[in-house]
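Containing PDB, C-alpha atoms: run16.pdb.
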ATOM      1  CA  MET A  15    -113.263  55.382 -28.319
ATOM      2  CA  ASN A  16    -110.430  52.806 -28.229
ATOM      3  CA  THR A  17    -112.350  50.556 -25.839
ATOM      4  CA  ASP A  18    -115.342  50.024 -28.133
ATOM      5  CA  ARG A  19    -113.245  49.606 -31.293
ATOM      6  CA  SER A  20    -111.012  47.089 -29.513
ATOM      7  CA  PHE A  21    -114.078  45.150 -28.331
ATOM      8  CA  ILE A  22    -115.278  44.731 -31.932
ATOM      9  CA  VAL A  23    -111.803  43.658 -33.100
ATOM     10  CA  LEU A  24    -111.569  41.196 -30.194
ATOM     11  CA  LEU A  25    -114.880  39.585 -31.173
ATOM     12  CA  ALA A  26    -113.790  39.305 -34.814
ATOM     13  CA  ALA A  27    -110.424  37.795 -33.817
ATOM     14  CA  THR A  28    -112.191  35.301 -31.541
ATOM     15  CA  ALA A  29    -114.434  34.239 -34.454
ATOM     16  CA  ALA A  30    -111.334  33.808 -36.644
ATOM     17  CA  THR A  31    -109.614  31.692 -33.961
ATOM     18  CA  TRP A  32    -112.731  29.536 -33.555
ATOM     19  CA  PHE A  33    -112.930  29.090 -37.342
ATOM     20  CA  ILE A  34    -109.309  27.897 -37.526
ATOM     21  CA  GLY A  35    -110.171  25.279 -34.913
ATOM     22  CA  GLU A  36    -113.370  24.186 -36.655
ATOM     23  CA  SER A  37    -111.587  23.878 -40.015
ATOM     24  CA  GLY A  38    -109.176  21.383 -38.447
ATOM     25  CA  ALA A  39    -106.224  23.364 -39.810
ATOM     26  CA  ALA A  40    -102.875  22.161 -38.503
ATOM     27  CA  GLY A  41     -99.216  22.821 -39.174
ATOM     28  CA  ALA A  42     -96.988  25.888 -39.203
ATOM     29  CA  ALA A  43     -99.356  28.246 -41.052
ATOM     30  CA  ALA A  44    -102.334  27.510 -38.782
ATOM     31  CA  MET A  45    -100.120  27.750 -35.694
ATOM     32  CA  THR A  46     -98.700  31.098 -36.809
ATOM     33  CA  ALA A  47    -102.136  32.505 -37.631
ATOM     34  CA  THR A  48    -103.522  31.384 -34.259
ATOM     35  CA  LEU A  49    -100.586  32.853 -32.346
ATOM     36  CA  VAL A  50    -100.746  36.154 -34.256
ATOM     37  CA  LEU A  51    -104.465  36.417 -33.423
ATOM     38  CA  MET A  52    -103.666  35.606 -29.779
ATOM     39  CA  LEU A  53    -100.974  38.304 -29.654
ATOM     40  CA  ALA A  54    -103.246  40.887 -31.284
ATOM     41  CA  LYS A  55    -106.109  40.118 -28.875
ATOM     42  CA  GLY A  56    -103.879  40.165 -25.810
ATOM     43  CA  ARG A  57    -102.281  43.446 -26.870
ATOM     44  CA  LEU A  58    -105.682  45.131 -27.203
ATOM     45  CA  VAL A  59    -106.763  43.904 -23.755
ATOM     46  CA  VAL A  60    -103.512  45.133 -22.200
ATOM     47  CA  LEU A  61    -103.428  48.541 -23.897
ATOM     48  CA  ASP A  62    -107.112  49.503 -24.119
ATOM     49  CA  PHE A  63    -108.903  47.561 -21.370
ATOM     50  CA  MET A  64    -106.143  47.574 -18.746
ATOM     51  CA  GLY A  65    -105.369  51.182 -19.639
ATOM     52  CA  LEU A  66    -101.655  50.725 -20.307
ATOM     53  CA  ARG A  67    -101.753  52.639 -23.606
ATOM     54  CA  ALA A  68    -101.554  55.860 -21.585
ATOM     55  CA  VAL A  69     -98.633  54.600 -19.481
ATOM     56  CA  ARG A  70     -95.070  55.326 -20.545
ATOM     57  CA  GLY A  71     -92.004  53.240 -19.840
ATOM     58  CA  TYR A  72     -91.514  49.600 -18.985
ATOM     59  CA  TRP A  73     -94.977  49.060 -17.460
ATOM     60  CA  ARG A  74     -96.426  49.405 -20.948
ATOM     61  CA  LEU A  75     -93.991  46.792 -22.286
ATOM     62  CA  LEU A  76     -94.149  44.179 -19.497
ATOM     63  CA  LEU A  77     -97.472  42.546 -20.326
ATOM     64  CA  PRO A  78     -97.083  42.546 -24.139
ATOM     65  CA  GLY A  79     -93.599  41.141 -23.414
ATOM     66  CA  TRP A  80     -95.167  38.341 -21.365
ATOM     67  CA  LEU A  81     -97.534  37.598 -24.249
ATOM     68  CA  LEU A  82     -94.679  37.479 -26.765
ATOM     69  CA  PHE A  83     -92.629  35.217 -24.476
ATOM     70  CA  VAL A  84     -95.554  32.797 -24.072
ATOM     71  CA  ALA A  85     -96.195  32.791 -27.845
ATOM     72  CA  ILE A  86     -92.528  32.026 -28.601
ATOM     73  CA  VAL A  87     -92.431  29.182 -26.050
ATOM     74  CA  ILE A  88     -95.640  27.680 -27.485
ATOM     75  CA  ALA A  89     -94.306  27.992 -31.055
ATOM     76  CA  LEU A  90     -91.030  26.289 -30.103
ATOM     77  CA  ALA A  91     -92.856  23.449 -28.336
ATOM     78  CA  PHE A  92     -95.233  22.916 -31.273
ATOM     79  CA  ARG A  93     -92.331  22.863 -33.741
ATOM     80  CA  LEU A  94     -90.572  20.345 -31.513
ATOM     81  CA  GLY A  95     -93.711  18.198 -31.499
ATOM     82  CA  HIS A  96     -94.043  18.236 -35.276
ATOM     83  CA  SER A  97     -90.365  17.445 -35.850
ATOM     84  CA  THR A  98     -90.320  14.367 -33.591
TER
ATOM     85  CA  MET B   4    -100.342  93.053 -29.533
ATOM     86  CA  ASN B   5     -97.119  91.571 -28.227
ATOM     87  CA  ALA B   6     -95.507  88.402 -29.495
ATOM     88  CA  HIS B   7     -97.001  86.267 -26.733
ATOM     89  CA  SER B   8    -100.598  87.348 -27.308
ATOM     90  CA  LEU B   9    -100.168  86.940 -31.081
ATOM     91  CA  ASP B  10     -98.909  83.429 -30.519
ATOM     92  CA  THR B  11    -101.881  82.682 -28.239
ATOM     93  CA  THR B  12    -104.338  84.052 -30.819
ATOM     94  CA  LEU B  13    -102.837  82.014 -33.639
ATOM     95  CA  SER B  14    -102.916  78.829 -31.613
ATOM     96  CA  ALA B  15    -106.524  79.318 -30.448
ATOM     97  CA  PRO B  16    -108.119  76.819 -32.907
ATOM     98  CA  ALA B  17    -105.737  74.123 -31.754
ATOM     99  CA  SER B  18    -106.684  74.760 -28.134
ATOM    100  CA  LEU B  19    -110.327  73.997 -28.978
ATOM    101  CA  ALA B  20    -109.439  70.390 -29.694
ATOM    102  CA  ALA B  21    -109.612  67.874 -26.818
ATOM    103  CA  PRO B  22    -106.338  67.804 -24.941
ATOM    104  CA  ALA B  23    -104.266  64.679 -25.479
ATOM    105  CA  PRO B  24    -104.362  62.396 -22.414
ATOM    106  CA  GLU B  25    -101.252  62.895 -20.358
ATOM    107  CA  ALA B  26     -98.946  59.877 -20.242
ATOM    108  CA  ARG B  27     -98.489  58.484 -16.754
ATOM    109  CA  SER B  28     -95.505  56.658 -15.326
ATOM    110  CA  THR B  29     -97.421  54.024 -13.327
ATOM    111  CA  PRO B  30    -100.357  51.822 -14.378
ATOM    112  CA  PRO B  31    -103.887  52.637 -13.148
ATOM    113  CA  GLY B  32    -104.810  51.337  -9.700
ATOM    114  CA  ASP B  33    -102.628  50.219  -6.837
ATOM    115  CA  LEU B  34     -99.075  49.265  -7.821
ATOM    116  CA  ALA B  35     -99.285  46.186  -5.555
ATOM    117  CA  ILE B  36    -102.040  44.636  -7.714
ATOM    118  CA  TRP B  37     -99.753  44.909 -10.745
ATOM    119  CA  PHE B  38     -96.977  42.955  -9.004
ATOM    120  CA  PHE B  39     -99.615  40.376  -8.031
ATOM    121  CA  ILE B  40    -100.793  40.231 -11.671
ATOM    122  CA  LEU B  41     -97.204  39.747 -12.892
ATOM    123  CA  ALA B  42     -96.722  36.893 -10.398
ATOM    124  CA  GLU B  43     -99.974  35.252 -11.547
ATOM    125  CA  LEU B  44     -98.976  35.599 -15.204
ATOM    126  CA  LEU B  45     -95.615  33.961 -14.513
ATOM    127  CA  VAL B  46     -97.375  30.966 -12.913
ATOM    128  CA  PHE B  47     -99.723  30.663 -15.902
ATOM    129  CA  ALA B  48     -96.752  30.951 -18.291
ATOM    130  CA  VAL B  49     -95.169  27.918 -16.594
ATOM    131  CA  PHE B  50     -98.478  26.023 -16.964
ATOM    132  CA  PHE B  51     -98.717  26.944 -20.664
ATOM    133  CA  ALA B  52     -95.113  25.900 -21.317
ATOM    134  CA  ALA B  53     -95.642  22.607 -19.442
ATOM    135  CA  TYR B  54     -98.755  21.862 -21.542
ATOM    136  CA  ALA B  55     -97.024  22.735 -24.836
ATOM    137  CA  PHE B  56     -93.914  20.653 -24.129
ATOM    138  CA  ALA B  57     -95.959  17.715 -22.763
ATOM    139  CA  ARG B  58     -97.930  17.835 -26.010
ATOM    140  CA  ALA B  59     -94.673  17.695 -27.985
ATOM    141  CA  GLN B  60     -93.986  14.312 -26.367
ATOM    142  CA  ASP B  61     -97.275  12.819 -27.619
ATOM    143  CA  VAL B  62     -98.849  14.936 -30.360
ATOM    144  CA  ALA B  63    -101.173  12.144 -31.566
ATOM    145  CA  LEU B  64    -102.746  11.700 -28.112
ATOM    146  CA  PHE B  65    -103.243  15.447 -27.585
ATOM    147  CA  ASN B  66    -104.798  15.896 -31.055
ATOM    148  CA  ALA B  67    -107.123  12.913 -30.564
ATOM    149  CA  MET B  68    -108.250  14.088 -27.108
ATOM    150  CA  GLN B  69    -108.683  17.674 -28.313
ATOM    151  CA  ASP B  70    -111.410  16.397 -30.664
ATOM    152  CA  HIS B  71    -113.517  15.603 -27.565
ATOM    153  CA  LEU B  72    -113.501  19.240 -26.418
ATOM    154  CA  ASP B  73    -116.509  21.449 -27.085
ATOM    155  CA  ARG B  74    -114.931  24.231 -29.174
ATOM    156  CA  ASN B  75    -118.263  26.058 -29.416
ATOM    157  CA  ALA B  76    -118.440  26.281 -25.624
ATOM    158  CA  GLY B  77    -114.829  27.476 -25.552
ATOM    159  CA  GLY B  78    -115.595  30.132 -28.165
ATOM    160  CA  ILE B  79    -118.737  31.320 -26.376
ATOM    161  CA  ASN B  80    -116.787  31.483 -23.113
ATOM    162  CA  THR B  81    -114.150  33.622 -24.842
ATOM    163  CA  VAL B  82    -116.867  36.018 -26.018
ATOM    164  CA  LEU B  83    -118.327  36.121 -22.473
ATOM    165  CA  LEU B  84    -114.966  36.989 -20.873
ATOM    166  CA  ILE B  85    -114.103  39.589 -23.523
ATOM    167  CA  THR B  86    -117.552  41.155 -23.120
ATOM    168  CA  ALA B  87    -117.132  41.178 -19.341
ATOM    169  CA  SER B  88    -113.751  42.877 -19.732
ATOM    170  CA  TRP B  89    -115.245  45.476 -22.063
ATOM    171  CA  CYS B  90    -118.051  46.153 -19.551
ATOM    172  CA  VAL B  91    -115.474  46.619 -16.763
ATOM    173  CA  ALA B  92    -113.458  49.023 -18.943
ATOM    174  CA  ARG B  93    -116.650  50.999 -19.653
ATOM    175  CA  ALA B  94    -117.472  51.042 -15.928
ATOM    176  CA  VAL B  95    -114.039  52.468 -15.091
ATOM    177  CA  ARG B  96    -114.450  55.117 -17.780
ATOM    178  CA  ALA B  97    -117.959  56.060 -16.615
ATOM    179  CA  VAL B  98    -116.769  56.518 -13.037
ATOM    180  CA  CYS B  99    -113.234  57.876 -13.489
ATOM    181  CA  GLU B 100    -113.819  60.215 -16.453
ATOM    182  CA  HIS B 101    -117.459  61.231 -16.053
ATOM    183  CA  GLY B 102    -118.183  60.626 -12.372
ATOM    184  CA  ARG B 103    -121.277  58.561 -13.229
ATOM    185  CA  SER B 104    -121.523  55.979 -10.451
ATOM    186  CA  ALA B 105    -124.943  54.614 -11.452
ATOM    187  CA  THR B 106    -123.800  54.004 -15.040
ATOM    188  CA  GLY B 107    -120.592  52.419 -13.765
ATOM    189  CA  ALA B 108    -122.573  50.093 -11.481
ATOM    190  CA  HIS B 109    -124.746  48.999 -14.436
ATOM    191  CA  TRP B 110    -121.667  48.151 -16.492
ATOM    192  CA  LEU B 111    -120.227  46.195 -13.560
ATOM    193  CA  ALA B 112    -123.500  44.269 -13.157
ATOM    194  CA  ALA B 113    -123.344  43.341 -16.859
ATOM    195  CA  ALA B 114    -119.742  42.173 -16.391
ATOM    196  CA  ILE B 115    -120.767  40.020 -13.410
ATOM    197  CA  ALA B 116    -123.564  38.470 -15.505
ATOM    198  CA  CYS B 117    -121.083  37.594 -18.289
ATOM    199  CA  GLY B 118    -118.624  36.127 -15.768
ATOM    200  CA  GLY B 119    -121.435  34.081 -14.245
ATOM    201  CA  GLY B 120    -122.308  32.825 -17.716
ATOM    202  CA  PHE B 121    -118.690  31.709 -18.165
ATOM    203  CA  LEU B 122    -118.789  29.716 -14.910
ATOM    204  CA  ALA B 123    -122.139  28.119 -15.796
ATOM    205  CA  LEU B 124    -120.967  27.026 -19.250
ATOM    206  CA  LYS B 125    -117.687  25.701 -17.859
ATOM    207  CA  CYS B 126    -119.655  23.684 -15.274
ATOM    208  CA  VAL B 127    -121.710  22.157 -18.114
ATOM    209  CA  GLU B 128    -118.456  21.253 -19.884
ATOM    210  CA  TYR B 129    -116.980  19.708 -16.728
ATOM    211  CA  ALA B 130    -120.186  17.760 -16.044
ATOM    212  CA  GLY B 131    -120.075  16.285 -19.547
ATOM    213  CA  LYS B 132    -116.462  15.209 -19.138
ATOM    214  CA  PHE B 133    -117.018  13.697 -15.683
ATOM    215  CA  ALA B 134    -120.139  11.871 -16.947
ATOM    216  CA  ALA B 135    -117.973  10.366 -19.714
ATOM    217  CA  GLY B 136    -115.660   8.976 -17.021
ATOM    218  CA  ILE B 137    -112.878  11.473 -17.652
ATOM    219  CA  SER B 138    -110.718  12.385 -14.670
ATOM    220  CA  LEU B 139    -107.281  13.762 -13.862
ATOM    221  CA  SER B 140    -105.792  10.262 -14.168
ATOM    222  CA  THR B 141    -107.346   9.388 -17.560
ATOM    223  CA  ASN B 142    -104.261  10.532 -19.495
ATOM    224  CA  THR B 143    -101.780  13.431 -19.744
ATOM    225  CA  PHE B 144    -104.057  15.569 -21.920
ATOM    226  CA  TRP B 145    -107.006  15.424 -19.503
ATOM    227  CA  MET B 146    -104.727  15.982 -16.536
ATOM    228  CA  PHE B 147    -103.554  19.231 -18.144
ATOM    229  CA  TYR B 148    -107.008  20.213 -19.429
ATOM    230  CA  LEU B 149    -108.709  19.765 -16.054
ATOM    231  CA  SER B 150    -105.957  21.288 -13.908
ATOM    232  CA  LEU B 151    -105.223  24.229 -16.234
ATOM    233  CA  THR B 152    -108.851  25.187 -16.872
ATOM    234  CA  PHE B 153    -109.847  24.637 -13.225
ATOM    235  CA  PHE B 154    -106.963  26.829 -12.038
ATOM    236  CA  HIS B 155    -108.307  29.538 -14.352
ATOM    237  CA  PHE B 156    -111.888  28.774 -13.192
ATOM    238  CA  MET B 157    -110.828  29.568  -9.604
ATOM    239  CA  HIS B 158    -109.434  32.901 -10.791
ATOM    240  CA  VAL B 159    -112.751  33.718 -12.465
ATOM    241  CA  ILE B 160    -114.543  33.016  -9.154
ATOM    242  CA  LEU B 161    -112.150  35.342  -7.287
ATOM    243  CA  GLY B 162    -112.572  37.929 -10.044
ATOM    244  CA  LEU B 163    -116.358  37.786  -9.665
ATOM    245  CA  VAL B 164    -116.093  38.238  -5.883
ATOM    246  CA  ILE B 165    -113.944  41.340  -6.509
ATOM    247  CA  LEU B 166    -116.356  42.665  -9.168
ATOM    248  CA  SER B 167    -119.300  42.156  -6.785
ATOM    249  CA  ILE B 168    -117.560  44.207  -4.083
ATOM    250  CA  LEU B 169    -116.728  46.897  -6.653
ATOM    251  CA  TRP B 170    -120.366  46.909  -7.804
ATOM    252  CA  LEU B 171    -121.594  47.492  -4.237
ATOM    253  CA  GLN B 172    -119.038  50.250  -3.645
ATOM    254  CA  THR B 173    -119.764  51.908  -6.993
ATOM    255  CA  ARG B 174    -123.541  51.826  -6.372
ATOM    256  CA  ARG B 175    -122.928  53.676  -3.095
ATOM    257  CA  GLY B 176    -120.877  56.290  -4.950
ATOM    258  CA  GLY B 177    -117.650  55.138  -3.335
ATOM    259  CA  TYR B 178    -115.534  55.996  -6.386
ATOM    260  CA  GLY B 179    -115.182  59.008  -8.637
ATOM    261  CA  PRO B 180    -112.695  60.985 -10.705
ATOM    262  CA  GLY B 181    -109.442  61.161  -8.739
ATOM    263  CA  HIS B 182    -110.445  58.560  -6.137
ATOM    264  CA  ALA B 183    -110.971  55.261  -7.925
ATOM    265  CA  ASN B 184    -107.867  53.327  -6.902
ATOM    266  CA  GLY B 185    -109.872  50.309  -5.702
ATOM    267  CA  LEU B 186    -112.019  50.205  -8.826
ATOM    268  CA  GLU B 187    -109.012  50.442 -11.147
ATOM    269  CA  SER B 188    -107.122  47.767  -9.180
ATOM    270  CA  GLY B 189    -110.037  45.312  -9.252
ATOM    271  CA  ALA B 190    -110.587  46.024 -12.952
ATOM    272  CA  ALA B 191    -106.918  45.248 -13.696
ATOM    273  CA  TYR B 192    -107.264  41.876 -11.939
ATOM    274  CA  TRP B 193    -110.353  41.008 -13.993
ATOM    275  CA  HIS B 194    -108.602  41.939 -17.249
ATOM    276  CA  MET B 195    -105.740  39.616 -16.237
ATOM    277  CA  VAL B 196    -108.256  36.748 -15.946
ATOM    278  CA  ASP B 197    -109.480  37.596 -19.471
ATOM    279  CA  LEU B 198    -105.905  37.835 -20.783
ATOM    280  CA  VAL B 199    -105.053  34.341 -19.501
ATOM    281  CA  TRP B 200    -108.124  32.843 -21.231
ATOM    282  CA  ILE B 201    -107.117  34.577 -24.474
ATOM    283  CA  VAL B 202    -103.983  32.359 -24.407
ATOM    284  CA  LEU B 203    -105.675  29.282 -22.953
ATOM    285  CA  PHE B 204    -108.480  28.978 -25.524
ATOM    286  CA  PRO B 205    -106.311  28.767 -28.666
ATOM    287  CA  LEU B 206    -103.641  26.684 -26.909
ATOM    288  CA  VAL B 207    -105.957  23.974 -25.569
ATOM    289  CA  TYR B 208    -109.027  24.091 -27.861
ATOM    290  CA  VAL B 209    -107.649  25.161 -31.257
ATOM    291  CA  MET B 210    -103.945  24.569 -31.933
ATOM    292  CA  ARG B 211    -102.965  21.154 -33.317
TER
END

Re-express the file's structure as structure tokens.
Amino acid sequence: MNTDRSFIVLLAATAATWFIGESGAAGAAAMTATLVLMLAKGRLVVLDFMGLRAVRGYWRLLLPGWLLFVAIVIALAFRLGHST
Amino acid sequence: MNAHSLDTTLSAPASLAAPAPEARSTPPGDLAIWFFILAELLVFAVFFAAYAFARAQDVALFNAMQDHLDRNAGGINTVLLITASWCVARAVRAVCEHGRSATGAHWLAAAIACGGGFLALKCVEYAGKFAAGISLSTNTFWMFYLSLTFFHFMHVILGLVILSILWLQTRRGGYGPGHANGLESGAAYWHMVDLVWIVLFPLVYVMR
């Protein structure tokens, strides 16, 4: 029952993301926590909702790879913003 | 009892367990929709990178403007899209694994309701911003906020049109185990719309 378990985790991760925003947390730790939550949520959607968990090979890696790429680009840009 | 039958007898308890799902080499649905999804995700990745690097040029402005966003509405919209995605996944499972078209249609109707809720709440957000005199030319933050979220908004509308067609087809029993290519393809598109919002919400509403 991966779909139902993932749905519960996704709701909890969304609440955690919202809480980080409401707390006004900023800086490297808040950024890392937010991006980790984003990666975890995206991975569950890709594997359990899109059905890629049962797919072998590069198709299973493409979308999590996209997520990781986007997270790295965002992290780099935010670090650049805080260092200038 | 020969060696083969002995082996079969000994392994009988294991055969009572549910068979592990067989790994497949291609994703569910039509392969063309997956290339379309990849193209869409690349476009959104460029948008996300542009927003993040524009923010790096003026962090103070972006943080100050972000305070005017309704984070509660953004959070509720995230829950609505995730719930819609879950409903679509349940619909696919009901139809593809159990052959239950009526159940699948109910799940799809619930997904359409959640997607409609997303659009309604986003319209309320837009109306508030426009009433406050905010437009694309107000400053860089609002230009990105309006264009990025509206681009996603258009994808939600297209996703709802697709889900509505799938709902009609599923109600008529148009899909079932072994012949659900259209349903799986449309579901994959909807999940892509959800996936994009999962990046967009923390990037625009939360991170500072």

inquiry  = Contacts from chain B to chain A, 9 Å maximum, all atoms listed in the file: show me the residue list as JSON, numbers by chain.
reply    = {"B": [24, 25, 26, 27, 28, 29, 30, 31, 41, 44, 45, 48, 49, 51, 52, 54, 55, 56, 57, 58, 59, 60, 61, 62, 74, 75, 77, 78, 81, 82, 85, 86, 88, 89, 91, 92, 93, 187, 190, 191, 192, 194, 195, 197, 198, 199, 201, 202, 204, 205, 206, 208, 209, 210, 211]}

message = Given the PyMOL selection byres ((chain B and resi 71) around 12) and the file above, list the residues it selects as JSON, numbers by chain.
response = {"B": [64, 65, 66, 67, 68, 69, 70, 72, 73, 74, 75, 76, 128, 131, 132, 135, 137, 144, 145, 148, 207, 208, 209]}

task = Fewer than 3 positions away in the same chain doesn't count, so skip those; otherwise give me all residues within 12 Å of Ser150 in chain B, counting all atoms listed in the file, as a list in words.
result =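 The residues satisfying every condition are Phe47, Phe50, Phe51, Ala53, Tyr54, Tyr129, Ser138, Leu139, Ser140, Thr143, Phe144, Trp145, Met146, Phe147, Phe153, Phe154, His155, Phe156, Met157 and Val207 of chain B.
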
request  = On this file, the PyMOL selection byres ((chain B and resi 107) around 6) gives some set of residues; write that set as a PyMOL selection string.
outcome  = chain B and resi 94+97-98+104-106+108-110

note = One decimal place gives the CA of Leu75 in chain A-CA of Gly32 in chain B separation as 17.2 Å

ask   = Any chance you could work out the residue set of the PyMOL selection byres ((chain B and resi 160-163) around 7) here, as a PyMOL selection string?
value = chain B and resi 115+118+156-159+164-167+192-193

key: Atom pair CA of Trp37 in chain B / CA of Ser188 in chain B: separation (Å)   =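 Here the two named atoms are 8.1 Å from each other.
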
Centre, edges in Å (one decimal): axis-aligned box, range 47-55 of chain B, 4 Å padding on all six sides, as AutoDock Vina command-line options:
--center_x -97.4 --center_y 26.4 --center_z -20.4 --size_x 12.6 --size_y 17.1 --size_z 16.9

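Relative to CA of Ala134 in chain B, CA of Ile79 in chain B is found at 21.7 Å.
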
Restore N, CA and C atoms in range 58-80 of chain B and list the result as a short mmCIF file (atom, residue, chain, number, x, y, z; two decimals), in the frame of the given file.
data_model
loop_
_atom_site.label_atom_id
_atom_site.label_comp_id
_atom_site.auth_asym_id
_atom_site.auth_seq_id
_atom_site.Cartn_x
_atom_site.Cartn_y
_atom_site.Cartn_z
N ARG B 58 -97.29 18.17 -24.74
CA ARG B 58 -97.93 17.84 -26.01
C ARG B 58 -96.90 17.38 -27.04
N ALA B 59 -95.72 18.05 -27.02
CA ALA B 59 -94.67 17.70 -27.98
C ALA B 59 -94.20 16.25 -27.82
N GLN B 60 -94.40 15.70 -26.61
CA GLN B 60 -93.99 14.31 -26.37
C GLN B 60 -94.99 13.30 -26.94
N ASP B 61 -96.25 13.74 -27.12
CA ASP B 61 -97.28 12.82 -27.62
C ASP B 61 -98.35 13.60 -28.40
N VAL B 62 -97.96 14.08 -29.55
CA VAL B 62 -98.85 14.94 -30.36
C VAL B 62 -100.13 14.20 -30.75
N ALA B 63 -100.00 12.92 -31.11
CA ALA B 63 -101.17 12.14 -31.57
C ALA B 63 -102.23 12.07 -30.47
N LEU B 64 -101.80 11.79 -29.24
CA LEU B 64 -102.75 11.70 -28.11
C LEU B 64 -103.44 13.05 -27.90
N PHE B 65 -102.66 14.12 -27.85
CA PHE B 65 -103.24 15.45 -27.58
C PHE B 65 -104.23 15.85 -28.69
N ASN B 66 -103.88 15.55 -29.95
CA ASN B 66 -104.80 15.90 -31.06
C ASN B 66 -106.08 15.07 -30.99
N ALA B 67 -105.94 13.79 -30.65
CA ALA B 67 -107.12 12.91 -30.56
C ALA B 67 -108.03 13.35 -29.42
N MET B 68 -107.45 13.68 -28.27
CA MET B 68 -108.25 14.09 -27.11
C MET B 68 -108.89 15.46 -27.33
N GLN B 69 -108.15 16.33 -28.05
CA GLN B 69 -108.68 17.67 -28.31
C GLN B 69 -110.00 17.61 -29.08
N ASP B 70 -110.17 16.55 -29.90
CA ASP B 70 -111.41 16.40 -30.66
C ASP B 70 -112.62 16.21 -29.76
N HIS B 71 -112.40 15.81 -28.50
CA HIS B 71 -113.52 15.60 -27.56
C HIS B 71 -113.91 16.88 -26.83
N LEU B 72 -113.16 17.96 -27.07
CA LEU B 72 -113.50 19.24 -26.42
C LEU B 72 -114.62 19.93 -27.20
N ASP B 73 -115.43 20.68 -26.46
CA ASP B 73 -116.51 21.45 -27.08
C ASP B 73 -115.97 22.84 -27.46
N ARG B 74 -115.55 22.97 -28.73
CA ARG B 74 -114.93 24.23 -29.17
C ARG B 74 -115.96 25.37 -29.20
N ASN B 75 -117.22 25.01 -29.44
CA ASN B 75 -118.26 26.06 -29.42
C ASN B 75 -118.38 26.66 -28.01
N ALA B 76 -118.36 25.79 -27.01
CA ALA B 76 -118.44 26.28 -25.62
C ALA B 76 -117.21 27.14 -25.30
N GLY B 77 -116.05 26.69 -25.78
CA GLY B 77 -114.83 27.48 -25.55
C GLY B 77 -114.90 28.84 -26.22
N GLY B 78 -115.45 28.86 -27.44
CA GLY B 78 -115.60 30.13 -28.16
C GLY B 78 -116.59 31.06 -27.48
N ILE B 79 -117.73 30.50 -27.07
CA ILE B 79 -118.74 31.32 -26.38
C ILE B 79 -118.15 31.86 -25.07
N ASN B 80 -117.40 31.02 -24.37
CA ASN B 80 -116.79 31.48 -23.11
C ASN B 80 -115.78 32.61 -23.37
#
